[in-house]
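**Student:** Enclosed is the structure file run-v2.txt (compact mmCIF, C-alpha atoms and all ligand atoms).
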```txt
# COMPACT_ATOMS: atom_id res chain seq x y z
CA MET A 872 26.33 -52.26 18.89
CA SER A 873 23.00 -53.32 17.38
CA THR A 874 22.37 -52.75 13.66
CA PRO A 875 20.00 -49.79 13.16
CA ARG A 876 16.63 -50.52 11.62
CA TYR A 877 13.40 -48.62 11.00
CA ASP A 878 11.16 -47.90 14.01
CA THR A 879 8.04 -50.02 14.50
CA LEU A 880 5.57 -47.33 13.38
CA SER A 881 7.47 -46.66 10.12
CA ILE A 882 7.60 -50.41 9.43
CA ALA A 883 3.85 -50.78 10.10
CA ILE A 884 2.92 -47.83 7.85
CA HIS A 885 5.22 -49.14 5.08
CA TRP A 886 3.59 -52.58 4.92
CA ILE A 887 0.01 -51.37 5.49
CA THR A 888 0.47 -48.85 2.63
CA THR A 889 1.91 -51.57 0.37
CA ILE A 890 -1.07 -53.88 0.91
CA LEU A 891 -3.66 -51.08 0.54
CA PHE A 892 -1.95 -49.69 -2.56
CA LEU A 893 -1.76 -53.02 -4.39
CA GLY A 894 -5.37 -53.82 -3.42
CA LEU A 895 -6.57 -50.42 -4.69
CA CYS A 896 -4.80 -50.93 -8.02
CA ALA A 897 -6.50 -54.32 -8.50
CA VAL A 898 -9.95 -52.94 -7.54
CA GLY A 899 -9.39 -49.73 -9.57
CA ILE A 900 -8.60 -51.73 -12.73
CA MET A 901 -11.80 -53.75 -12.22
CA MET A 902 -13.78 -50.52 -11.67
CA ALA A 903 -12.40 -48.93 -14.84
CA ASN A 904 -13.33 -52.09 -16.77
CA GLY A 905 -16.94 -52.06 -15.54
CA VAL A 906 -16.67 -55.30 -13.56
CA PHE A 907 -19.09 -54.15 -10.83
CA GLU A 908 -22.83 -53.66 -11.44
CA PRO A 909 -25.00 -51.27 -9.34
CA PRO A 910 -25.67 -51.23 -6.42
CA LEU A 911 -22.33 -52.95 -5.65
CA ARG A 912 -20.60 -50.46 -7.97
CA TYR A 913 -21.37 -47.49 -5.67
CA GLN A 914 -20.11 -49.34 -2.61
CA VAL A 915 -16.89 -50.39 -4.36
CA TYR A 916 -16.26 -46.85 -5.67
CA ASN A 917 -16.79 -45.43 -2.18
CA LEU A 918 -14.51 -48.05 -0.65
CA HIS A 919 -11.80 -47.36 -3.28
CA LYS A 920 -12.03 -43.62 -2.62
CA SER A 921 -12.04 -44.03 1.19
CA ILE A 922 -8.98 -46.30 1.18
CA GLY A 923 -7.28 -43.90 -1.26
CA VAL A 924 -7.95 -41.02 1.17
CA THR A 925 -6.54 -43.23 3.97
CA ILE A 926 -3.33 -43.70 1.96
CA LEU A 927 -3.08 -39.95 1.40
CA GLY A 928 -3.47 -39.30 5.16
CA LEU A 929 -1.04 -42.07 6.10
CA THR A 930 1.54 -40.72 3.64
CA LEU A 931 1.30 -37.13 4.91
CA PHE A 932 1.66 -38.43 8.47
CA ARG A 933 4.55 -40.68 7.40
CA ILE A 934 6.47 -37.74 5.90
CA VAL A 935 6.11 -35.75 9.15
CA TRP A 936 7.09 -38.86 11.16
CA ARG A 937 10.22 -39.31 9.00
CA PHE A 938 11.49 -35.95 10.22
CA ILE A 939 10.87 -37.02 13.83
CA LYS A 940 12.37 -40.52 13.34
CA PRO A 941 14.77 -40.29 10.37
CA ALA A 942 15.45 -43.42 8.29
CA PRO A 943 18.60 -45.32 9.35
CA ALA A 944 21.57 -44.67 7.05
CA LEU A 945 22.18 -47.25 4.32
CA PRO A 946 25.14 -49.61 4.92
CA ASN A 947 28.55 -48.30 3.81
CA THR A 948 28.99 -51.31 1.54
CA ILE A 949 26.50 -49.69 -0.88
CA LYS A 950 28.04 -47.56 -3.66
CA PRO A 951 27.16 -43.81 -3.67
CA ARG A 952 25.55 -44.25 -7.11
CA ASP A 953 23.23 -46.97 -5.76
CA LYS A 954 22.42 -44.91 -2.65
CA PHE A 955 21.43 -42.04 -4.93
CA ALA A 956 19.20 -44.36 -7.01
CA ALA A 957 17.53 -45.73 -3.85
CA HIS A 958 16.89 -42.26 -2.40
CA THR A 959 15.49 -41.01 -5.73
CA ALA A 960 13.14 -44.03 -5.91
CA HIS A 961 11.94 -43.38 -2.35
CA LYS A 962 11.19 -39.72 -3.13
CA LEU A 963 9.29 -40.72 -6.28
CA LEU A 964 7.28 -43.25 -4.26
CA TYR A 965 6.27 -40.56 -1.75
CA LEU A 966 5.32 -38.29 -4.66
CA ALA A 967 3.19 -41.08 -6.18
CA LEU A 968 1.47 -41.77 -2.84
CA ILE A 969 0.35 -38.13 -2.77
CA ALA A 970 -0.27 -37.45 -6.48
CA ILE A 971 -2.32 -40.60 -7.20
CA PRO A 972 -4.98 -40.11 -4.48
CA LEU A 973 -5.00 -36.35 -5.15
CA SER A 974 -5.67 -36.94 -8.87
CA GLY A 975 -8.47 -39.38 -7.90
CA TRP A 976 -10.00 -36.75 -5.60
CA LEU A 977 -9.74 -34.07 -8.33
CA MET A 978 -11.11 -36.50 -10.96
CA SER A 979 -14.15 -37.31 -8.79
CA ASN A 980 -14.90 -33.61 -8.17
CA ALA A 981 -14.44 -32.74 -11.85
CA PHE A 982 -16.99 -35.43 -12.81
CA GLY A 983 -19.39 -34.02 -10.20
CA PHE A 984 -18.85 -36.64 -7.45
CA GLY A 985 -17.49 -36.43 -3.92
CA ALA A 986 -14.46 -38.02 -2.27
CA PRO A 987 -15.89 -39.77 0.82
CA PHE A 988 -14.00 -41.13 3.79
CA PHE A 989 -16.17 -44.19 4.56
CA ASP A 990 -19.45 -43.03 6.17
CA PHE A 991 -17.68 -40.46 8.34
CA PHE A 992 -17.39 -37.42 6.05
CA THR A 993 -16.80 -36.26 2.49
CA LEU A 994 -13.71 -34.27 1.68
CA PRO A 995 -14.38 -30.72 0.43
CA ALA A 996 -14.59 -30.33 -3.35
CA LEU A 997 -11.31 -28.92 -4.65
CA ILE A 998 -12.75 -27.87 -8.03
CA GLU A 999 -16.10 -27.27 -9.76
CA LYS A 1000 -17.67 -29.86 -12.05
CA ASN A 1001 -15.75 -29.89 -15.35
CA PRO A 1002 -15.87 -33.23 -17.24
CA SER A 1003 -13.15 -32.33 -19.75
CA LEU A 1004 -10.77 -31.60 -16.85
CA GLY A 1005 -12.01 -34.85 -15.28
CA LYS A 1006 -10.67 -36.80 -18.27
CA ILE A 1007 -7.23 -35.24 -17.77
CA PHE A 1008 -7.20 -36.16 -14.07
CA SER A 1009 -8.45 -39.64 -14.96
CA SER A 1010 -5.48 -40.14 -17.35
CA ALA A 1011 -3.10 -38.77 -14.69
CA HIS A 1012 -4.61 -41.18 -12.12
CA THR A 1013 -4.19 -44.19 -14.43
CA PHE A 1014 -0.70 -43.20 -15.60
CA GLY A 1015 0.42 -42.47 -12.02
CA ALA A 1016 -0.85 -45.81 -10.73
CA PHE A 1017 0.84 -47.86 -13.48
CA ALA A 1018 4.11 -45.88 -13.23
CA ALA A 1019 4.07 -46.41 -9.44
CA LEU A 1020 3.44 -50.15 -9.91
CA ALA A 1021 6.54 -50.35 -12.16
CA LEU A 1022 8.60 -48.40 -9.61
CA ILE A 1023 7.37 -50.65 -6.77
CA GLY A 1024 8.49 -53.66 -8.83
CA VAL A 1025 12.02 -52.25 -9.22
CA HIS A 1026 12.09 -51.22 -5.52
CA ALA A 1027 11.06 -54.74 -4.41
CA LEU A 1028 13.55 -56.47 -6.76
CA ALA A 1029 16.35 -54.24 -5.42
CA ALA A 1030 15.41 -55.18 -1.83
CA LEU A 1031 15.41 -58.90 -2.70
CA TYR A 1032 18.77 -58.53 -4.49
CA HIS A 1033 20.26 -56.96 -1.35
CA HIS A 1034 18.88 -59.67 0.90
CA TYR A 1035 19.68 -62.78 -1.14
CA LYS A 1036 22.66 -61.72 -3.28
CA GLU A 1037 24.48 -59.01 -1.32
CA ARG A 1038 23.33 -60.53 1.98
CA ASP A 1039 23.19 -57.11 3.68
CA VAL A 1040 20.64 -55.68 6.16
CA VAL A 1041 18.67 -53.51 3.69
CA LEU A 1042 15.49 -55.64 3.59
CA TRP A 1043 15.80 -56.86 7.19
CA ARG A 1044 15.73 -53.23 8.43
CA MET A 1045 12.19 -52.93 7.01
CA LEU A 1046 11.18 -56.58 7.61
CA PRO A 1047 12.70 -57.68 10.93
CA LEU A 1048 10.73 -60.96 10.84
CA LEU A 1049 13.48 -62.11 8.47
CA LYS A 1050 16.66 -63.63 9.85
CA GLN A 1051 19.26 -60.84 10.09
CA PRO A 1052 22.00 -61.44 7.46
CA GLN A 1053 25.48 -61.56 9.01
CA LYS A 1054 27.27 -58.88 7.04
C1 LIG A 1101 -2.97 -44.47 -3.61
C2 LIG A 1101 -4.26 -44.39 -3.84
C3 LIG A 1101 -4.93 -44.87 -5.11
C4 LIG A 1101 -4.53 -45.82 -6.02
C5 LIG A 1101 -3.26 -46.67 -6.00
C6 LIG A 1101 -5.54 -45.88 -7.05
C7 LIG A 1101 -5.47 -46.70 -8.17
C8 LIG A 1101 -6.40 -46.75 -9.18
C9 LIG A 1101 -6.30 -47.54 -10.39
C10 LIG A 1101 -5.13 -48.45 -10.78
C11 LIG A 1101 -7.42 -47.32 -11.12
C12 LIG A 1101 -7.73 -47.92 -12.50
C13 LIG A 1101 -7.26 -46.98 -13.58
C14 LIG A 1101 -7.44 -47.56 -14.99
O1 LIG A 1101 -7.23 -48.76 -15.18
O2 LIG A 1101 -7.75 -46.75 -15.88
C15 LIG A 1101 -8.26 -46.40 -10.38
C16 LIG A 1101 -9.52 -45.95 -10.76
C17 LIG A 1101 -10.28 -45.02 -10.07
N1 LIG A 1101 -9.91 -44.30 -8.94
FE1 LIG A 1101 -8.26 -44.64 -7.86
N2 LIG A 1101 -6.53 -44.98 -6.73
C18 LIG A 1101 -6.20 -44.35 -5.56
C19 LIG A 1101 -6.92 -43.36 -4.90
C20 LIG A 1101 -8.15 -42.82 -5.34
C21 LIG A 1101 -8.89 -41.76 -4.68
C22 LIG A 1101 -8.47 -41.05 -3.38
C23 LIG A 1101 -10.01 -41.54 -5.42
C24 LIG A 1101 -11.12 -40.56 -5.20
C25 LIG A 1101 -11.32 -39.90 -4.10
C26 LIG A 1101 -9.98 -42.46 -6.56
C27 LIG A 1101 -10.95 -42.56 -7.54
C28 LIG A 1101 -10.93 -43.45 -8.60
C29 LIG A 1101 -12.02 -43.61 -9.54
C30 LIG A 1101 -13.35 -42.84 -9.53
C31 LIG A 1101 -11.61 -44.61 -10.46
C32 LIG A 1101 -12.42 -45.24 -11.59
C33 LIG A 1101 -12.39 -44.49 -12.86
C34 LIG A 1101 -13.30 -45.19 -13.85
O3 LIG A 1101 -14.42 -45.55 -13.47
O4 LIG A 1101 -12.85 -45.32 -14.97
N3 LIG A 1101 -8.83 -43.22 -6.47
N4 LIG A 1101 -7.61 -46.05 -9.20
```
Step by step, read the file and then write its structure as structure tokens.
**Tutor:**
Amino acid sequence: MSTPRYDTLSIAIHWITTILFLGLCAVGIMMANGVFEPPLRYQVYNLHKSIGVTILGLTLFRIVWRFIKPAPALPNTIKPRDKFAAHTAHKLLYLALIAIPLSGWLMSNAFGFGAPFFDFFTLPALIEKNPSLGKIFSSAHTFGAFAALALIGVHALAALYHHYKERDVVLWRMLPLLKQPQK
């Protein structure tokens, strides 16, 4: 019997989201530190927002897809306590992938700006202009992004630990380009 792994679409969305998320954090930190001068600034802000909206859409789709193609069960060699920790981390990551773009959308509206999706359309405003509320959403956006970065670090270290130390299939299931560990 072959070892179960994630389906190709789930694997693709996982790695595309990872790259987009890390890229958005790097660009977002530069934006918040005033690295970009106009007119480049407007293009970078619009690109950041559009890719953020893409992540939100991909995540909502991914959650629906997970019901259609459930994740393969973790190997039985993993202790129940560690399975619980892994599942909790995964739920928190989904929450972050929704809450961070949503707070960016709300922040933009509260400061009187739109949330564009490239040149195709602008998402409807969720709230009226309200700069003091904007500051709260801005703090939530920053806090969410840095908390998610920390969680991604732990998540990645756990995956590497399973691959190189435990030598089980946990990382291979999401990265089948790797050689499958024989355990
Ligand atoms: C998963 C998606 C997203 C991630 C990971 C992300 C990440 C970040 C990060 C790390 C910062 C810098 C925060 C700081 O250092 O204070 C930032 C800034 C910003 N983000 Fe996002 N973001 C995402 C989605 C969005 C969306 C969807 C919007 C709006 C529609 C948005 C609007 C903004 C704006 C306007 C800033 C700059 C705030 C300033 O000028 O100080 N972001 N983002």
**Student:** Which residues are near segment 910-920 of chain A? Cut-off 12 Å, all atoms listed in the file, ignore same chain within fewer than 6 positions. Put them as a PyMOL selection string.
**Tutor:** chain A and resi 891-904+926-927+971-980+984-994
**Student:** Rounded to one decimal, what separation in Å do you get between atom C7 of ligand LIG 1101 (chain A) and atom CA of Ala970 of chain A?
**Tutor:**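 A separation of 10.7 Å between them.
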**Student:** Report, in Å to a single decimal, how far apart atom CA of Phe982 of chain A and atom CA of Asn1001 of chain A are.
**Tutor:**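 Between these atoms lies a distance of 6.2 Å.
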**Student:** Need the neighbours of (14.2, -50.4, -8.8): which residues are at most 10 Å away, counting all atoms listed in the file, as an MDAnalysis selection string?
**Tutor:** chainID A and resid 956:957 959:961 1021:1030
**Student:** Do you know which residues lie at most 8 Å from (3.2, -37.6, -1.3), with coordinates as in the file and all atoms listed in the file counted, and could you write them as a PyMOL selection string?
**Tutor:** chain A and resi 927+930-931+934+964-970
**Student:** Counting all atoms listed in the file, figure out which residue out of A:Ile998, A:Leu945, A:Ala981, A:Ala1016 gets nearest to Leu1042 of chain A.
**Tutor:**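 Once distances to Leu1042 of chain A are computed over all atoms listed in the file, the minimum belongs to A:Leu945.
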**Student:** Write out as a list in words the residues lying within 8 Å of Pro1002 of chain A, counting all atoms listed in the file and excluding same-chain residues fewer than 2 positions away.
**Tutor:** Ala981, Phe982, Gly983, Lys1000, Leu1004, Gly1005 and Lys1006 of chain A
**Student:** Between atom N2 of ligand LIG 1101 (chain A) and atom CA of Glu908 of chain A, what distance in Å does the model show, to one decimal?
**Tutor:**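 Computing the Euclidean distance for atom N2 of ligand LIG 1101 (chain A) and atom CA of Glu908 of chain A yields 19.1 Å.
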**Student:** I'd like the contact shell of Asn947 of chain A - 12 Å cut-off, all atoms listed in the file, skipping same-chain residues fewer than 6 positions apart - returned as a PyMOL selection string.
**Tutor:** chain A and resi 953-954+1039-1041+1054
**Student:** Which of these, A:Pro995, A:Pro941, A:Pro875, A:Pro946, has the shortest distance to ligand LIG 1101 (chain A) once you count all atoms listed in the file?
**Tutor:** A:Pro995
**Student:** Have a look at A:Gln1053, A:Thr948, A:Thr888, A:Ser1003 and name the one nearest to ligand LIG 1101 (chain A); count all atoms listed in the file.
**Tutor:**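 Looking only at the distances to ligand LIG 1101 (chain A), the closest residue turns out to be A:Thr888.
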**Student:** Is there a way to complete segment 954-978 of chain A with N, CA, C and O atoms and then write that out as an mmCIF file, keeping the file's coordinate frame?
**Tutor:**
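What follows is the written file out.cif:
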```
data_model
loop_
_atom_site.group_PDB
_atom_site.id
_atom_site.type_symbol
_atom_site.label_atom_id
_atom_site.label_comp_id
_atom_site.auth_asym_id
_atom_site.auth_seq_id
_atom_site.Cartn_x
_atom_site.Cartn_y
_atom_site.Cartn_z
ATOM 1 N N LYS A 954 23.135 -45.642 -3.720
ATOM 2 C CA LYS A 954 22.420 -44.910 -2.650
ATOM 3 C C LYS A 954 21.569 -43.807 -3.272
ATOM 4 O O LYS A 954 20.419 -43.607 -2.888
ATOM 5 N N PHE A 955 22.161 -43.122 -4.262
ATOM 6 C CA PHE A 955 21.430 -42.040 -4.930
ATOM 7 C C PHE A 955 20.181 -42.603 -5.615
ATOM 8 O O PHE A 955 19.082 -42.040 -5.511
ATOM 9 N N ALA A 956 20.346 -43.747 -6.302
ATOM 10 C CA ALA A 956 19.200 -44.360 -7.010
ATOM 11 C C ALA A 956 18.110 -44.738 -5.997
ATOM 12 O O ALA A 956 16.919 -44.493 -6.232
ATOM 13 N N ALA A 957 18.518 -45.315 -4.860
ATOM 14 C CA ALA A 957 17.530 -45.730 -3.850
ATOM 15 C C ALA A 957 16.785 -44.512 -3.293
ATOM 16 O O ALA A 957 15.562 -44.517 -3.188
ATOM 17 N N HIS A 958 17.539 -43.454 -2.975
ATOM 18 C CA HIS A 958 16.890 -42.260 -2.400
ATOM 19 C C HIS A 958 15.951 -41.599 -3.414
ATOM 20 O O HIS A 958 14.877 -41.113 -3.049
ATOM 21 N N THR A 959 16.358 -41.596 -4.689
ATOM 22 C CA THR A 959 15.490 -41.010 -5.730
ATOM 23 C C THR A 959 14.197 -41.832 -5.834
ATOM 24 O O THR A 959 13.100 -41.270 -5.915
ATOM 25 N N ALA A 960 14.332 -43.161 -5.825
ATOM 26 C CA ALA A 960 13.140 -44.030 -5.910
ATOM 27 C C ALA A 960 12.213 -43.767 -4.723
ATOM 28 O O ALA A 960 10.988 -43.684 -4.891
ATOM 29 N N HIS A 961 12.783 -43.606 -3.533
ATOM 30 C CA HIS A 961 11.940 -43.380 -2.350
ATOM 31 C C HIS A 961 11.174 -42.058 -2.460
ATOM 32 O O HIS A 961 9.987 -41.994 -2.150
ATOM 33 N N LYS A 962 11.871 -41.024 -2.970
ATOM 34 C CA LYS A 962 11.190 -39.720 -3.130
ATOM 35 C C LYS A 962 10.066 -39.837 -4.144
ATOM 36 O O LYS A 962 8.969 -39.297 -3.945
ATOM 37 N N LEU A 963 10.336 -40.549 -5.248
ATOM 38 C CA LEU A 963 9.290 -40.720 -6.280
ATOM 39 C C LEU A 963 8.100 -41.498 -5.729
ATOM 40 O O LEU A 963 6.947 -41.223 -6.071
ATOM 41 N N LEU A 964 8.373 -42.472 -4.856
ATOM 42 C CA LEU A 964 7.280 -43.250 -4.260
ATOM 43 C C LEU A 964 6.413 -42.369 -3.365
ATOM 44 O O LEU A 964 5.186 -42.446 -3.395
ATOM 45 N N TYR A 965 7.049 -41.496 -2.585
ATOM 46 C CA TYR A 965 6.270 -40.560 -1.750
ATOM 47 C C TYR A 965 5.421 -39.648 -2.651
ATOM 48 O O TYR A 965 4.246 -39.399 -2.362
ATOM 49 N N LEU A 966 6.047 -39.180 -3.734
ATOM 50 C CA LEU A 966 5.320 -38.290 -4.660
ATOM 51 C C LEU A 966 4.092 -39.028 -5.224
ATOM 52 O O LEU A 966 2.988 -38.475 -5.261
ATOM 53 N N ALA A 967 4.291 -40.295 -5.618
ATOM 54 C CA ALA A 967 3.190 -41.080 -6.180
ATOM 55 C C ALA A 967 2.078 -41.279 -5.151
ATOM 56 O O ALA A 967 0.891 -41.197 -5.476
ATOM 57 N N LEU A 968 2.464 -41.508 -3.893
ATOM 58 C CA LEU A 968 1.470 -41.770 -2.840
ATOM 59 C C LEU A 968 0.650 -40.524 -2.504
ATOM 60 O O LEU A 968 -0.381 -40.614 -1.849
ATOM 61 N N ILE A 969 1.136 -39.365 -2.934
ATOM 62 C CA ILE A 969 0.350 -38.130 -2.770
ATOM 63 C C ILE A 969 -0.399 -37.816 -4.068
ATOM 64 O O ILE A 969 -1.599 -37.544 -4.071
ATOM 65 N N ALA A 970 0.329 -37.888 -5.196
ATOM 66 C CA ALA A 970 -0.270 -37.450 -6.480
ATOM 67 C C ALA A 970 -1.394 -38.377 -6.937
ATOM 68 O O ALA A 970 -2.383 -37.896 -7.502
ATOM 69 N N ILE A 971 -1.286 -39.681 -6.691
ATOM 70 C CA ILE A 971 -2.320 -40.600 -7.200
ATOM 71 C C ILE A 971 -3.657 -40.383 -6.464
ATOM 72 O O ILE A 971 -4.687 -40.166 -7.121
ATOM 73 N N PRO A 972 -3.695 -40.399 -5.118
ATOM 74 C CA PRO A 972 -4.980 -40.110 -4.480
ATOM 75 C C PRO A 972 -5.506 -38.709 -4.778
ATOM 76 O O PRO A 972 -6.699 -38.518 -4.956
ATOM 77 N N LEU A 973 -4.572 -37.735 -4.860
ATOM 78 C CA LEU A 973 -5.000 -36.350 -5.150
ATOM 79 C C LEU A 973 -5.654 -36.273 -6.534
ATOM 80 O O LEU A 973 -6.692 -35.619 -6.711
ATOM 81 N N SER A 974 -5.082 -36.976 -7.520
ATOM 82 C CA SER A 974 -5.670 -36.940 -8.870
ATOM 83 C C SER A 974 -7.028 -37.653 -8.864
ATOM 84 O O SER A 974 -7.944 -37.259 -9.590
ATOM 85 N N GLY A 975 -7.181 -38.699 -8.019
ATOM 86 C CA GLY A 975 -8.470 -39.380 -7.900
ATOM 87 C C GLY A 975 -9.520 -38.457 -7.287
ATOM 88 O O GLY A 975 -10.665 -38.401 -7.739
ATOM 89 N N TRP A 976 -9.121 -37.723 -6.279
ATOM 90 C CA TRP A 976 -10.000 -36.750 -5.600
ATOM 91 C C TRP A 976 -10.451 -35.681 -6.616
ATOM 92 O O TRP A 976 -11.649 -35.405 -6.777
ATOM 93 N N LEU A 977 -9.443 -35.111 -7.345
ATOM 94 C CA LEU A 977 -9.740 -34.070 -8.330
ATOM 95 C C LEU A 977 -10.624 -34.623 -9.464
ATOM 96 O O LEU A 977 -11.559 -33.964 -9.919
ATOM 97 N N MET A 978 -10.319 -35.870 -9.890
ATOM 98 C CA MET A 978 -11.110 -36.500 -10.960
ATOM 99 C C MET A 978 -12.576 -36.625 -10.520
ATOM 100 O O MET A 978 -13.498 -36.270 -11.264
#
```
